[in-house]
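Engineer: Handing you a structure now.
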Amino acid sequence: MQQSIRRAHVIVRGRIQGVGYRYATRSRAASLGVGGWVRNRVDGNVEAVFEGAAERVELLLRWCREGPSAAYVDEIEVEWQEPTGEQGFAIR
């Protein structure tokens with residue numbers, strides 16, 4: 001049975017820069033085997049792409065709604081895209 005691969009483009013809003021959000025996201029993605037990237041945006045938000053098995057991407061999205069302990073997440077916006085074969089997880 002083939003696993004469904006999903007790709008999510010995510011914008012996270014809140015007090016999330018300067019609290020280790022990107023590093024915690026990379027660590028969580030690696031532990032789940034999800035590929036993609038994460039970066040700070042100049043508007044104070046964090047942008048990310050997650051690609052992998054559908055249930056693992058969903059687990060990572062659920063984690064993003066909380067983030068690391070010092071983060072305050074107001075909302076996350078998710079746009080589903082066609083998978084592109086992301087390998088590994090980078091902080092940009």
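For the structure tokens, the naming scheme is as follows: chains receive sequential letters (A, B, ...) according to their order of presentation, residues are indexed from 1 within each chain, and ligands are indexed from 1 in presentation order.
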Mind checking which residues fall within 8 Å of segment 34-37 of chain A, counting only C-alpha atoms, ignoring those fewer than 6 positions away in the same chain, and posting them as a list of chain:residue names?
Structural biologist: A:Arg26, A:Ala48, A:Val49, A:Phe50, A:Glu51, A:Gly52, A:Ala53, A:Arg56, A:Val57, A:Glu86, A:Gln87, A:Gly88, A:Phe89, A:Ala90, A:Ile91, A:Arg92
Engineer: Neighbouring residues of segment 65-75 of chain A were defined as those with any atom within 12 Å, considering only C-alpha atoms; residues of the same chain fewer than 4 positions away were excluded. Please report them as a PDB file with N, CA and C atoms, in the first residue's frame.
Structural biologist:
```pdb
ATOM      1  N   VAL A  10       3.358  26.739   4.610  1.00  0.00           N
ATOM      2  CA  VAL A  10       2.820  27.191   5.885  1.00  0.00           C
ATOM      3  C   VAL A  10       3.349  28.579   6.244  1.00  0.00           C
ATOM      4  N   ILE A  11       2.463  29.436   6.742  1.00  0.00           N
ATOM      5  CA  ILE A  11       2.844  30.716   7.341  1.00  0.00           C
ATOM      6  C   ILE A  11       2.389  30.650   8.800  1.00  0.00           C
ATOM      7  N   VAL A  12       3.329  30.867   9.717  1.00  0.00           N
ATOM      8  CA  VAL A  12       3.016  30.846  11.143  1.00  0.00           C
ATOM      9  C   VAL A  12       3.107  32.281  11.652  1.00  0.00           C
ATOM     10  N   ARG A  13       2.052  32.725  12.323  1.00  0.00           N
ATOM     11  CA  ARG A  13       2.008  34.085  12.846  1.00  0.00           C
ATOM     12  C   ARG A  13       1.970  34.055  14.369  1.00  0.00           C
ATOM     13  N   GLY A  14       2.608  35.054  14.977  1.00  0.00           N
ATOM     14  CA  GLY A  14       2.628  35.158  16.435  1.00  0.00           C
ATOM     15  C   GLY A  14       3.983  35.681  16.899  1.00  0.00           C
ATOM     16  N   ARG A  15       4.298  35.457  18.178  1.00  0.00           N
ATOM     17  CA  ARG A  15       5.630  35.816  18.689  1.00  0.00           C
ATOM     18  C   ARG A  15       6.484  34.567  18.553  1.00  0.00           C
ATOM     19  N   ILE A  16       7.108  34.451  17.378  1.00  0.00           N
ATOM     20  CA  ILE A  16       7.772  33.202  17.045  1.00  0.00           C
ATOM     21  C   ILE A  16       9.205  33.377  16.564  1.00  0.00           C
ATOM     22  N   GLN A  17       9.658  34.613  16.400  1.00  0.00           N
ATOM     23  CA  GLN A  17      11.060  34.811  16.043  1.00  0.00           C
ATOM     24  C   GLN A  17      11.850  35.079  17.317  1.00  0.00           C
ATOM     25  N   GLY A  18      13.077  34.537  17.360  1.00  0.00           N
ATOM     26  CA  GLY A  18      13.934  34.735  18.519  1.00  0.00           C
ATOM     27  C   GLY A  18      13.649  33.788  19.671  1.00  0.00           C
ATOM     28  N   VAL A  19      12.843  32.744  19.409  1.00  0.00           N
ATOM     29  CA  VAL A  19      12.496  31.784  20.468  1.00  0.00           C
ATOM     30  C   VAL A  19      12.899  30.357  20.079  1.00  0.00           C
ATOM     31  N   GLY A  20      13.692  30.204  19.014  1.00  0.00           N
ATOM     32  CA  GLY A  20      14.133  28.882  18.582  1.00  0.00           C
ATOM     33  C   GLY A  20      13.117  28.133  17.743  1.00  0.00           C
ATOM     34  N   TYR A  21      12.137  28.847  17.186  1.00  0.00           N
ATOM     35  CA  TYR A  21      11.068  28.188  16.424  1.00  0.00           C
ATOM     36  C   TYR A  21      11.616  27.419  15.218  1.00  0.00           C
ATOM     37  N   ARG A  22      12.506  28.044  14.451  1.00  0.00           N
ATOM     38  CA  ARG A  22      13.035  27.369  13.248  1.00  0.00           C
ATOM     39  C   ARG A  22      13.826  26.115  13.610  1.00  0.00           C
ATOM     40  N   TYR A  23      14.651  26.211  14.649  1.00  0.00           N
ATOM     41  CA  TYR A  23      15.476  25.061  15.031  1.00  0.00           C
ATOM     42  C   TYR A  23      14.621  23.933  15.587  1.00  0.00           C
ATOM     43  N   ALA A  24      13.609  24.281  16.370  1.00  0.00           N
ATOM     44  CA  ALA A  24      12.697  23.272  16.907  1.00  0.00           C
ATOM     45  C   ALA A  24      11.892  22.631  15.779  1.00  0.00           C
ATOM     46  N   THR A  25      11.513  23.426  14.778  1.00  0.00           N
ATOM     47  CA  THR A  25      10.769  22.888  13.634  1.00  0.00           C
ATOM     48  C   THR A  25      11.637  21.909  12.858  1.00  0.00           C
ATOM     49  N   ARG A  26      12.902  22.276  12.628  1.00  0.00           N
ATOM     50  CA  ARG A  26      13.816  21.374  11.908  1.00  0.00           C
ATOM     51  C   ARG A  26      13.975  20.056  12.669  1.00  0.00           C
ATOM     52  N   SER A  27      14.142  20.149  13.969  1.00  0.00           N
ATOM     53  CA  SER A  27      14.307  18.953  14.795  1.00  0.00           C
ATOM     54  C   SER A  27      13.065  18.063  14.734  1.00  0.00           C
ATOM     55  N   ARG A  28      11.878  18.675  14.861  1.00  0.00           N
ATOM     56  CA  ARG A  28      10.631  17.911  14.822  1.00  0.00           C
ATOM     57  C   ARG A  28      10.436  17.281  13.445  1.00  0.00           C
ATOM     58  N   GLY A  44       8.055  39.303  10.443  1.00  0.00           N
ATOM     59  CA  GLY A  44       7.998  38.738  11.788  1.00  0.00           C
ATOM     60  C   GLY A  44       7.371  37.355  11.855  1.00  0.00           C
ATOM     61  N   ASN A  45       6.851  36.875  10.730  1.00  0.00           N
ATOM     62  CA  ASN A  45       6.262  35.545  10.685  1.00  0.00           C
ATOM     63  C   ASN A  45       7.311  34.519  10.291  1.00  0.00           C
ATOM     64  N   VAL A  46       6.952  33.261  10.367  1.00  0.00           N
ATOM     65  CA  VAL A  46       7.812  32.170   9.925  1.00  0.00           C
ATOM     66  C   VAL A  46       7.113  31.463   8.776  1.00  0.00           C
ATOM     67  N   GLU A  58       0.722  16.037   8.821  1.00  0.00           N
ATOM     68  CA  GLU A  58      -0.356  16.475   9.724  1.00  0.00           C
ATOM     69  C   GLU A  58       0.144  16.592  11.168  1.00  0.00           C
ATOM     70  N   LEU A  59       0.967  15.632  11.611  1.00  0.00           N
ATOM     71  CA  LEU A  59       1.533  15.698  12.969  1.00  0.00           C
ATOM     72  C   LEU A  59       2.412  16.940  13.130  1.00  0.00           C
ATOM     73  N   LEU A  60       3.205  17.250  12.102  1.00  0.00           N
ATOM     74  CA  LEU A  60       4.069  18.426  12.164  1.00  0.00           C
ATOM     75  C   LEU A  60       3.236  19.709  12.178  1.00  0.00           C
ATOM     76  N   LEU A  61       2.171  19.758  11.388  1.00  0.00           N
ATOM     77  CA  LEU A  61       1.284  20.927  11.395  1.00  0.00           C
ATOM     78  C   LEU A  61       0.647  21.115  12.773  1.00  0.00           C
TER      79      LEU A  61
END
```
Engineer: Looking only at the backbone, which of the residues in chain A does DSSP tag as strand (DSSP E or B), as a ChimeraX atom specification?
Structural biologist: /A:5-15,35-40,46-53,72-81,89-91
Engineer: Which residues are close to segment 81-83 of chain A, i.e. within 7 Å by only C-alpha atoms, leaving aside same-chain residues fewer than 5 positions away? Reply as a PyMOL selection string.
Structural biologist: chain A and resi 5-9+51
Engineer: Could you pull out the residues in chain A that DSSP calls helix (DSSP H, G or I) from the backbone, as a list in words?
Structural biologist: Tyr21, Arg22, Tyr23, Ala24, Thr25, Arg26, Ser27, Arg28, Ala29, Ala30, Ser31, Leu32, Ala54, Glu55, Arg56, Val57, Glu58, Leu59, Leu60, Leu61, Arg62, Trp63 and Cys64 of chain A
Engineer: For atom CA of Glu47 of chain A and atom CA of Ala29 of chain A, determine how far apart the two atoms are, in Å to one decimal place.
Structural biologist: 14.1 Å
Engineer: Using Å and a single decimal, report how far atom CA of Asp43 of chain A sits from atom CA of Ser31 of chain A.
Structural biologist: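 Between atom CA of Ser31 of chain A and atom CA of Asp43 of chain A the gap is 28.5 Å.
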